[in-house]
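Next comes final28.txt, a file with compact mmCIF, C-alpha atoms.
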```txt
# COMPACT_ATOMS: atom_id res chain seq x y z
CA PHE A 23 -50.30 30.57 1.73
CA SER A 24 -50.62 33.32 4.36
CA ALA A 25 -53.96 32.05 5.72
CA ARG A 26 -52.87 28.41 5.87
CA THR A 27 -52.35 26.75 9.24
CA ASP A 28 -51.19 23.37 7.93
CA ASN A 29 -47.66 22.48 6.91
CA ILE A 30 -46.66 23.64 3.42
CA SER A 31 -43.81 22.02 1.48
CA LEU A 32 -42.74 23.84 -1.67
CA THR A 33 -40.03 22.37 -3.92
CA GLN A 34 -38.38 23.90 -6.98
CA GLU A 35 -36.35 21.52 -9.13
CA LEU A 36 -35.53 20.65 -12.72
CA ARG A 37 -38.03 18.58 -14.67
CA ARG A 38 -37.15 14.95 -14.31
CA ASN A 39 -36.10 12.67 -17.13
CA ASP A 40 -38.85 10.42 -18.43
CA GLU A 41 -38.23 6.76 -17.70
CA LEU A 42 -37.81 4.49 -20.70
CA ASP A 43 -39.78 1.27 -20.56
CA PRO A 44 -37.76 -1.22 -22.67
CA GLY A 45 -40.75 -3.55 -23.05
CA LEU A 46 -43.04 -0.84 -24.39
CA ASP A 47 -40.16 0.99 -26.09
CA LYS A 48 -41.47 4.37 -24.98
CA TYR A 49 -40.92 6.92 -22.29
CA LEU A 50 -43.21 6.97 -19.30
CA ALA A 51 -44.01 9.68 -16.72
CA ASN A 52 -45.33 12.93 -18.24
CA GLY A 53 -45.10 11.94 -21.89
CA ASP A 54 -42.94 10.32 -24.52
CA LEU A 55 -40.28 13.01 -24.70
CA ASP A 56 -36.87 12.20 -23.27
CA LEU A 57 -35.65 15.38 -21.59
CA ASP A 58 -32.05 14.19 -21.46
CA ARG A 59 -31.13 15.24 -24.98
CA SER A 60 -27.98 17.35 -24.56
CA GLY A 61 -25.29 14.99 -23.42
CA ILE A 62 -21.99 13.68 -24.66
CA ILE A 63 -21.13 14.42 -28.31
CA ASN A 64 -20.27 11.16 -30.07
CA ASP A 65 -17.97 10.60 -33.04
CA ALA A 66 -20.82 11.32 -35.43
CA GLY A 67 -21.30 14.76 -33.89
CA GLU A 68 -24.61 13.78 -32.30
CA ALA A 69 -25.61 14.38 -28.68
CA GLU A 70 -26.04 11.20 -26.69
CA PRO A 71 -27.96 11.29 -23.40
CA ASP A 72 -25.63 11.50 -20.40
CA GLY A 73 -28.16 10.13 -17.94
CA VAL A 74 -28.74 13.44 -16.15
CA VAL A 75 -31.19 16.27 -16.77
CA THR A 76 -29.49 19.65 -16.43
CA THR A 77 -30.03 23.18 -17.73
CA ALA A 78 -28.33 22.00 -20.92
CA ASP A 79 -31.55 20.04 -21.52
CA VAL A 80 -34.30 22.20 -20.02
CA VAL A 81 -34.83 25.80 -18.93
CA ALA A 82 -34.10 26.38 -15.26
CA PRO A 83 -37.22 27.06 -13.15
CA SER A 84 -37.67 30.43 -11.47
CA ILE A 85 -39.94 32.23 -9.02
CA PHE A 86 -40.34 36.01 -9.14
CA GLY A 87 -42.36 37.71 -6.45
CA ASP A 88 -43.16 37.41 -2.77
CA ILE A 89 -43.85 34.14 -0.96
CA ILE A 90 -45.89 34.43 2.23
CA PHE A 91 -46.36 31.32 4.36
CA GLY A 92 -48.88 30.82 7.15
CA SER A 93 -48.58 29.49 10.68
CA GLY A 94 -47.64 25.90 9.87
CA ASN A 95 -44.22 24.25 9.80
CA ASP A 96 -43.28 25.26 6.29
CA THR A 97 -40.48 24.03 4.05
CA LEU A 98 -39.06 25.66 0.93
CA THR A 99 -36.47 23.70 -1.05
CA ALA A 100 -34.76 24.73 -4.30
CA SER A 101 -32.31 22.45 -6.08
CA ALA A 102 -32.26 24.38 -9.36
CA GLY A 103 -33.06 27.77 -10.84
CA SER A 104 -33.66 31.04 -9.02
CA ILE A 105 -36.00 32.64 -6.51
CA ASN A 106 -36.27 36.43 -6.39
CA GLY A 107 -38.43 38.30 -3.92
CA ALA A 108 -39.40 38.61 -0.27
CA ILE A 109 -40.10 35.43 1.69
CA ASP A 110 -42.10 35.59 4.92
CA PHE A 111 -42.09 32.22 6.66
CA GLY A 112 -44.63 33.26 9.26
CA SER A 113 -44.77 31.34 12.54
CA GLY A 114 -43.99 27.67 13.02
CA ALA A 115 -40.79 25.66 12.63
CA ASN A 116 -39.61 26.53 9.12
CA VAL A 117 -36.85 25.28 6.84
CA PHE A 118 -35.30 26.92 3.77
CA THR A 119 -32.81 24.88 1.72
CA LEU A 120 -30.79 25.81 -1.38
CA THR A 121 -28.72 23.10 -3.06
CA GLY A 122 -26.78 22.60 -6.25
CA ALA A 123 -24.57 19.79 -7.48
CA ALA A 124 -22.54 18.62 -10.49
CA PRO A 125 -22.97 18.03 -13.35
CA GLU A 126 -25.21 21.09 -13.20
CA THR A 127 -23.18 24.25 -13.85
CA GLN A 128 -25.79 26.91 -13.08
CA THR A 129 -26.04 28.21 -9.53
CA THR A 130 -29.24 27.67 -7.56
CA SER A 131 -29.93 31.13 -6.16
CA PHE A 132 -32.12 33.25 -3.95
CA ALA A 133 -32.06 37.06 -3.87
CA GLY A 134 -34.38 39.06 -1.66
CA THR A 135 -35.38 39.38 1.99
CA LEU A 136 -36.18 36.85 4.72
CA THR A 137 -38.57 37.29 7.65
CA SER A 138 -40.00 34.86 10.17
CA SER A 139 -41.96 35.08 13.40
CA GLY A 140 -41.23 31.44 14.22
CA THR A 141 -38.01 29.48 13.84
CA LEU A 142 -36.14 29.35 10.55
CA ASP A 143 -33.31 26.96 9.67
CA VAL A 144 -31.45 27.88 6.48
CA THR A 145 -29.02 25.62 4.62
CA VAL A 146 -27.04 26.69 1.55
CA SER A 147 -24.96 23.91 0.03
CA GLY A 148 -23.12 22.95 -3.13
CA LEU A 149 -23.36 25.28 -6.11
CA SER A 150 -25.91 27.63 -4.57
CA SER A 151 -26.14 31.22 -3.38
CA LEU A 152 -28.32 33.10 -0.89
CA THR A 153 -28.16 36.89 -1.26
CA LEU A 154 -30.02 39.26 1.02
CA VAL A 155 -30.97 42.45 -0.83
CA GLU A 156 -32.47 45.46 1.01
CA GLN A 157 -32.75 43.39 4.19
CA GLU A 158 -31.63 46.49 6.13
CA GLU A 159 -34.99 48.10 5.39
CA LEU A 160 -36.85 45.33 7.26
CA GLY A 161 -34.39 44.73 10.07
CA SER A 162 -32.18 41.74 10.78
CA ALA A 163 -33.06 38.40 9.20
CA PRO A 164 -33.87 36.19 12.23
CA LEU A 165 -32.49 32.67 11.72
CA SER A 166 -32.41 29.78 14.15
CA SER A 167 -29.49 28.35 12.21
CA LEU A 168 -27.50 29.09 9.08
CA THR A 169 -25.34 26.43 7.41
CA LEU A 170 -22.93 27.05 4.52
CA ASP A 171 -21.57 23.90 2.94
CA GLY A 172 -19.46 23.12 -0.13
CA ALA A 173 -19.18 25.95 -2.68
CA ALA A 174 -22.14 27.85 -1.20
CA ASN A 175 -22.15 31.65 -1.30
CA LEU A 176 -23.68 34.04 1.22
CA GLY A 177 -24.25 37.50 -0.25
CA VAL A 178 -25.34 40.63 1.57
CA ILE A 179 -26.12 43.78 -0.45
CA ILE A 180 -26.91 46.95 1.53
CA ASP A 181 -27.35 50.67 1.06
CA PRO A 182 -25.10 52.28 3.69
CA ALA A 183 -27.49 55.22 3.91
CA LYS A 184 -30.39 53.00 4.99
CA ILE A 185 -28.89 50.54 7.46
CA THR A 186 -29.33 51.24 11.17
CA PRO A 187 -25.92 51.79 12.84
CA GLY A 188 -24.86 48.66 14.69
CA MET A 189 -27.47 46.47 13.00
CA ALA A 190 -26.49 42.94 11.98
CA VAL A 191 -28.04 42.00 8.63
CA ILE A 192 -28.40 38.40 9.85
CA VAL A 193 -28.92 37.26 13.43
CA ALA A 194 -28.48 33.48 13.68
CA ASP A 195 -28.57 31.49 16.89
CA THR A 196 -26.22 28.96 15.28
CA LEU A 197 -23.78 29.37 12.41
CA VAL A 198 -22.24 26.29 10.79
CA LEU A 199 -19.46 26.73 8.21
CA ASN A 200 -18.34 23.45 6.64
CA GLY A 201 -15.11 23.15 4.70
CA ASP A 202 -13.24 26.04 3.07
CA GLU A 203 -14.96 26.36 -0.31
CA TYR A 204 -17.84 28.58 0.80
CA THR A 205 -17.70 32.32 0.11
CA ILE A 206 -19.09 35.43 1.78
CA SER A 207 -19.84 38.36 -0.54
CA PRO A 208 -20.74 41.68 1.09
CA HIS A 209 -21.58 44.52 -1.27
CA LEU A 210 -22.37 48.23 -0.97
CA THR A 211 -24.74 49.88 -3.45
CA ALA A 212 -23.10 53.30 -3.04
CA LEU A 213 -19.67 54.90 -3.06
CA VAL A 214 -18.42 55.74 0.43
CA ALA A 215 -15.34 57.98 0.63
CA GLU A 216 -14.19 56.95 4.10
CA PRO A 217 -13.66 53.35 5.25
CA TYR A 218 -17.04 51.85 6.11
CA SER A 219 -17.94 48.77 8.17
CA PHE A 220 -21.12 46.84 8.88
CA THR A 221 -22.03 43.55 10.54
CA ILE A 222 -22.96 40.75 8.16
CA ILE A 223 -23.96 38.22 10.80
CA GLU A 224 -24.23 38.03 14.57
CA THR A 225 -24.38 34.56 16.08
CA GLY A 226 -24.15 32.59 19.28
CA SER A 227 -21.59 30.25 17.71
CA ASP A 228 -17.86 30.42 18.41
CA LEU A 229 -16.03 32.01 15.47
CA SER A 230 -12.55 32.13 16.95
CA ALA A 231 -11.29 29.46 14.53
CA LEU A 232 -11.90 31.90 11.67
CA ASN A 233 -9.77 34.75 13.01
CA ASP A 234 -6.82 34.10 10.69
CA THR A 235 -8.61 32.62 7.69
CA ILE A 236 -11.89 34.51 7.26
CA ASN A 237 -10.50 36.71 4.46
CA ASN A 238 -9.83 33.60 2.39
CA GLN A 239 -13.59 33.24 2.05
CA ILE A 240 -14.33 36.59 0.37
CA GLY A 241 -16.41 36.13 -2.79
CA SER A 242 -15.85 37.82 -6.14
CA GLU A 243 -18.92 40.08 -6.25
CA VAL A 244 -17.89 42.69 -3.69
CA GLY A 245 -17.36 45.67 -6.00
CA TYR A 246 -14.01 46.13 -7.76
CA VAL A 247 -13.69 49.76 -6.61
CA TYR A 248 -13.34 48.60 -2.98
CA ASN A 249 -10.77 46.79 -0.93
CA VAL A 250 -12.86 44.51 1.27
CA GLU A 251 -11.82 42.82 4.50
CA LEU A 252 -13.75 40.43 6.72
CA SER A 253 -13.16 40.22 10.45
CA THR A 254 -14.60 38.39 13.45
CA HIS A 255 -15.49 40.11 16.73
CA ASP A 256 -16.29 38.82 20.22
CA LEU A 257 -19.30 40.75 21.51
CA GLY A 258 -19.53 38.89 24.81
CA ALA A 259 -22.65 36.75 24.60
CA THR A 260 -22.43 36.65 20.80
CA GLN A 261 -19.83 36.94 18.04
CA SER A 262 -19.96 38.57 14.64
CA ILE A 263 -18.51 38.66 11.14
CA ASP A 264 -18.02 42.22 9.91
CA ALA A 265 -17.07 43.65 6.52
CA THR A 266 -14.94 46.76 6.03
CA PHE A 267 -14.85 48.66 2.73
CA SER A 268 -12.20 51.16 1.67
CA LEU A 269 -11.87 52.72 -1.77
CA LYS A 270 -8.93 51.56 -3.86
CA SER A 271 -6.36 54.05 -5.02
CA ALA A 272 -6.04 54.91 -8.70
CA GLU A 273 -2.91 52.77 -8.84
CA GLU A 274 -4.72 49.77 -7.33
CA LEU A 275 -7.49 50.20 -9.91
CA GLY A 276 -4.94 50.23 -12.73
CA LEU A 277 -6.03 53.62 -14.07
CA ASN A 278 -3.95 55.40 -16.70
CA THR A 279 -2.70 58.98 -16.39
CA VAL A 280 -5.87 60.64 -17.71
CA GLU A 281 -8.17 58.41 -15.61
CA THR A 282 -6.04 58.98 -12.50
CA ALA A 283 -6.37 62.75 -12.85
CA ALA A 284 -10.15 62.46 -13.08
CA TYR A 285 -10.54 59.89 -10.27
CA PRO A 286 -10.72 62.34 -7.28
CA VAL A 287 -13.23 64.52 -9.10
CA VAL A 288 -15.44 61.55 -9.95
CA LEU A 289 -15.36 60.35 -6.35
CA SER A 290 -16.24 63.76 -4.92
CA HIS A 291 -19.33 63.93 -7.13
CA PHE A 292 -20.41 60.28 -7.20
CA THR A 293 -20.22 59.73 -3.44
CA GLY A 294 -23.05 62.23 -3.08
CA ASN A 295 -25.26 60.64 -5.72
CA ALA A 296 -26.43 57.08 -4.99
CA ALA A 297 -27.52 56.29 -8.55
CA LEU A 298 -24.23 57.44 -10.07
CA GLY A 299 -22.20 55.73 -7.37
CA GLN A 300 -23.95 52.43 -7.99
CA ALA A 301 -22.86 52.55 -11.63
CA LEU A 302 -19.31 52.02 -10.37
CA THR A 303 -19.94 49.76 -7.37
CA ASP A 304 -21.88 47.29 -9.55
CA SER A 305 -18.67 46.45 -11.45
CA ASN A 306 -16.96 43.41 -9.95
CA ASP A 307 -13.86 43.13 -12.15
CA ALA A 308 -11.23 45.39 -13.69
CA GLU A 309 -12.56 45.21 -17.25
CA SER A 310 -16.15 46.19 -16.43
CA PHE A 311 -15.03 48.87 -13.96
CA THR A 312 -12.69 50.53 -16.47
CA ALA A 313 -15.40 50.41 -19.15
CA ALA A 314 -17.90 52.08 -16.78
CA PHE A 315 -15.35 54.64 -15.60
CA ASP A 316 -14.38 55.62 -19.14
CA GLN A 317 -18.04 56.26 -19.96
CA ILE A 318 -17.90 59.10 -17.44
CA LEU A 319 -14.90 60.81 -19.02
CA PRO A 320 -14.87 62.89 -22.19
CA GLN A 321 -13.25 61.23 -25.18
CA TYR A 322 -9.49 61.44 -24.70
CA GLY A 323 -8.17 58.62 -26.85
CA ASP A 324 -7.06 59.21 -30.44
CA GLY A 325 -8.32 55.87 -31.77
CA THR A 326 -11.03 57.34 -34.00
CA MET A 327 -8.69 59.93 -35.50
CA LEU A 328 -5.97 57.37 -36.11
CA LEU A 329 -8.34 55.03 -37.92
CA GLN A 330 -9.80 57.84 -39.99
CA ALA A 331 -6.30 59.01 -40.90
CA ALA A 332 -5.36 55.47 -41.93
CA MET A 333 -8.46 55.16 -44.11
CA LEU A 334 -7.76 58.56 -45.73
CA GLU A 335 -4.21 57.48 -46.45
CA ALA A 336 -5.53 54.26 -48.02
CA ALA A 337 -7.95 56.21 -50.22
CA ASN A 338 -5.18 58.59 -51.32
CA GLY A 339 -3.01 55.59 -52.03
CA ALA A 340 -5.68 54.10 -54.27
CA VAL A 341 -5.95 57.31 -56.32
CA GLY A 342 -2.18 57.63 -56.41
CA GLU A 343 -1.85 54.09 -57.70
CA ARG A 344 -4.31 54.89 -60.49
CA LEU A 345 -2.40 58.04 -61.48
CA ARG A 346 0.87 56.10 -61.51
CA LEU A 347 -0.67 53.53 -63.83
CA ILE A 348 -1.91 56.23 -66.24
CA THR A 349 1.49 58.01 -66.18
CA LYS A 350 3.20 54.82 -67.27
CA GLY A 351 0.81 54.45 -70.19
CA GLY A 352 -1.27 51.67 -68.75
CA GLN A 353 -4.52 53.02 -70.26
CA ALA A 354 -5.29 53.72 -73.93
CA ARG A 355 -8.84 55.06 -73.67
CA ALA A 356 -11.51 56.10 -71.16
CA HIS A 357 -12.14 53.69 -68.32
CA TRP A 358 -14.11 53.24 -65.14
CA TRP A 359 -11.96 51.95 -62.32
CA VAL A 360 -12.55 50.72 -58.76
CA GLN A 361 -10.15 49.68 -56.02
CA GLN A 362 -10.81 48.26 -52.55
CA GLN A 363 -8.68 49.39 -49.64
CA GLY A 364 -8.47 48.64 -45.94
CA ALA A 365 -6.72 49.72 -42.77
CA HIS A 366 -6.12 48.21 -39.34
CA ILE A 367 -5.02 49.91 -36.12
CA ASP A 368 -3.89 47.91 -33.10
CA ARG A 369 -2.20 49.53 -30.11
CA THR A 370 -1.89 48.20 -26.59
CA ALA A 371 -2.92 50.37 -23.65
CA THR A 372 -0.29 52.60 -22.04
CA SER A 373 -0.19 54.82 -18.99
CA GLU A 374 -1.15 57.71 -21.27
CA ALA A 375 -3.85 56.28 -23.52
CA PRO A 376 -6.34 53.41 -23.73
CA GLU A 377 -6.06 50.37 -25.98
CA ILE A 378 -6.93 50.92 -29.63
CA SER A 379 -8.07 48.18 -31.96
CA GLY A 380 -10.06 48.78 -35.12
CA SER A 381 -10.40 47.96 -38.78
CA GLY A 382 -11.85 49.85 -41.73
CA PHE A 383 -12.66 49.00 -45.31
CA GLY A 384 -13.54 51.21 -48.27
CA ILE A 385 -13.77 51.48 -52.03
CA ALA A 386 -12.22 54.15 -54.24
CA PHE A 387 -13.61 54.49 -57.77
CA GLY A 388 -13.61 56.94 -60.66
CA TYR A 389 -13.84 57.54 -64.39
CA ASP A 390 -10.88 58.51 -66.48
CA ALA A 391 -11.77 60.18 -69.79
```

Go ahead and render the structure in this file as structure tokens.
Amino acid sequence: FSARTDNISLTQELRRNDELDPGLDKYLANGDLDLDRSGIINDAGEAEPDGVVTTADVVAPSIFGDIIFGSGNDTLTASAGSINGAIDFGSGANVFTLTGAAPETQTTSFAGTLTSSGTLDVTVSGLSSLTLVEQEELGSAPLSSLTLDGAANLGVIIDPAKITPGMAVIVADTLVLNGDEYTISPHLTALVAEPYSFTIIETGSDLSALNDTINNQIGSEVGYVYNVELSTHDLGATQSIDATFSLKSAEELGLNTVETAAYPVVLSHFTGNAALGQALTDSNDAESFTAAFDQILPQYGDGTMLLQAAMLEAANGAVGERLRLITKGGQARAHWWVQQQGAHIDRTATSEAPEISGSGFGIAFGYDA
């Protein structure tokens, strides 16, 4: 659309349910297929239409790649699915809207960069998420207004090595935050040893009402390895929301004795290697972080040995049982014999060793002459 001078309106939504014409007894619109086919399960175990088309019925739409608008007053609206890429709204009075609502359970999302040489009003509402990725490489996203409503999420993912000091990732003339369900999710793509801060948004709006409550709005995808705090700042003519990251201690991460001993060494090496550091910062919960961290360490648990020992004991037991039977005269002539055996190991995690859970099965067989 880059060469267009007229107004462009682009909408991304779920396919709509065909309308049933009772008189004709068929579905109208784009065909005779009723899209609403995954609804309430009745007593017969069959799905009855619930009256709404969701991603339980159809595949969510998606756009991958850059969108470049022209000089008109352009509008981009997404009420379902995902958009991934760079969006350049060009000049003109532009509007970008992300929405999501029940009964849909999938988030309407955008991830990429935003640029505009005109005005740009952005609204994120309901079950929807706008995440700026690598925006620091282009400069601040210039918005006339930004509105977060309902359970909307604003994400900002930056590489601390690439952002210009003092740069705000978003500069919005007006910031509107409705309710207390919205979340703000800043994220660093690298490990930073010392506490690190950057400005998520700078705005002309008054943020003083958020001074005591802004940390209640932190989202879940901020990197489990970090303690993250949000804060508001009065810059004179404008105000800002900043994020501060500080690495958690081994105790805060719930590391065991072996992992704790390795933690400082891992940090000293991984903070100097962006790719390795991102392997840890990408984990947003304890389980995935511990799994990623343990991949770095040499094998220190005894789970494999314990299970192998249990299986060996079971095999010896099978042979021993056969010998006991022969000793007691349970066989009069040559025989083939076979016996199945199994073993199970289950041990909860301790401060010294990881959790162990495993099962093994085998067969012992032989021929007695």

Can you tell me which residues surround Val146 in chain A at a distance of at most 10 Å, considering all atoms listed in the file, apart from same-chain residues fewer than 2 positions away, and format the answer as a PDB file with C-alpha atoms, in the coordinates of the input?
```
ATOM      1  CA  ALA A 100     -34.760  24.730  -4.300  1.00  0.00           C
ATOM      2  CA  PHE A 118     -35.300  26.920   3.770  1.00  0.00           C
ATOM      3  CA  THR A 119     -32.810  24.880   1.720  1.00  0.00           C
ATOM      4  CA  LEU A 120     -30.790  25.810  -1.380  1.00  0.00           C
ATOM      5  CA  THR A 121     -28.720  23.100  -3.060  1.00  0.00           C
ATOM      6  CA  GLY A 122     -26.780  22.600  -6.250  1.00  0.00           C
ATOM      7  CA  THR A 130     -29.240  27.670  -7.560  1.00  0.00           C
ATOM      8  CA  SER A 131     -29.930  31.130  -6.160  1.00  0.00           C
ATOM      9  CA  PHE A 132     -32.120  33.250  -3.950  1.00  0.00           C
ATOM     10  CA  VAL A 144     -31.450  27.880   6.480  1.00  0.00           C
ATOM     11  CA  GLY A 148     -23.120  22.950  -3.130  1.00  0.00           C
ATOM     12  CA  LEU A 149     -23.360  25.280  -6.110  1.00  0.00           C
ATOM     13  CA  SER A 150     -25.910  27.630  -4.570  1.00  0.00           C
ATOM     14  CA  SER A 151     -26.140  31.220  -3.380  1.00  0.00           C
ATOM     15  CA  LEU A 152     -28.320  33.100  -0.890  1.00  0.00           C
ATOM     16  CA  LEU A 168     -27.500  29.090   9.080  1.00  0.00           C
ATOM     17  CA  THR A 169     -25.340  26.430   7.410  1.00  0.00           C
ATOM     18  CA  LEU A 170     -22.930  27.050   4.520  1.00  0.00           C
ATOM     19  CA  ASP A 171     -21.570  23.900   2.940  1.00  0.00           C
ATOM     20  CA  GLY A 172     -19.460  23.120  -0.130  1.00  0.00           C
ATOM     21  CA  ALA A 173     -19.180  25.950  -2.680  1.00  0.00           C
ATOM     22  CA  ALA A 174     -22.140  27.850  -1.200  1.00  0.00           C
ATOM     23  CA  ASN A 175     -22.150  31.650  -1.300  1.00  0.00           C
ATOM     24  CA  LEU A 176     -23.680  34.040   1.220  1.00  0.00           C
ATOM     25  CA  TYR A 204     -17.840  28.580   0.800  1.00  0.00           C
TER      26      TYR A 204
END
```

Item to check | Gap from CA of Ala284 in chain A to CA of Ser310 in chain A - Å, one decimal | outcome: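 About the pair CA of Ala284 in chain A and CA of Ser310 in chain A: they are 17.7 Å apart.
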
Item to check | Selected residue, from A:Asp143, A:Leu289, A:His357, A:Ala386, that lies nearest to Gly342 in chain A when counting all atoms listed in the file | outcome: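 Closest residue, counting all atoms listed in the file: A:Ala386.
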
Checklist entry - Taking all atoms listed in the file into account, which of A:Ser271, A:Thr77, A:Ser262, A:Asn338 comes nearest Thr127 in chain A? => result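 Answer, going by the shortest atom-to-atom distance: A:Thr77.
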
Checklist entry - Mind pulling up the distance from CA of Pro286 in chain A to CA of Thr370 in chain A? => result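 That distance, rounded to one decimal, is 25.5 Å.
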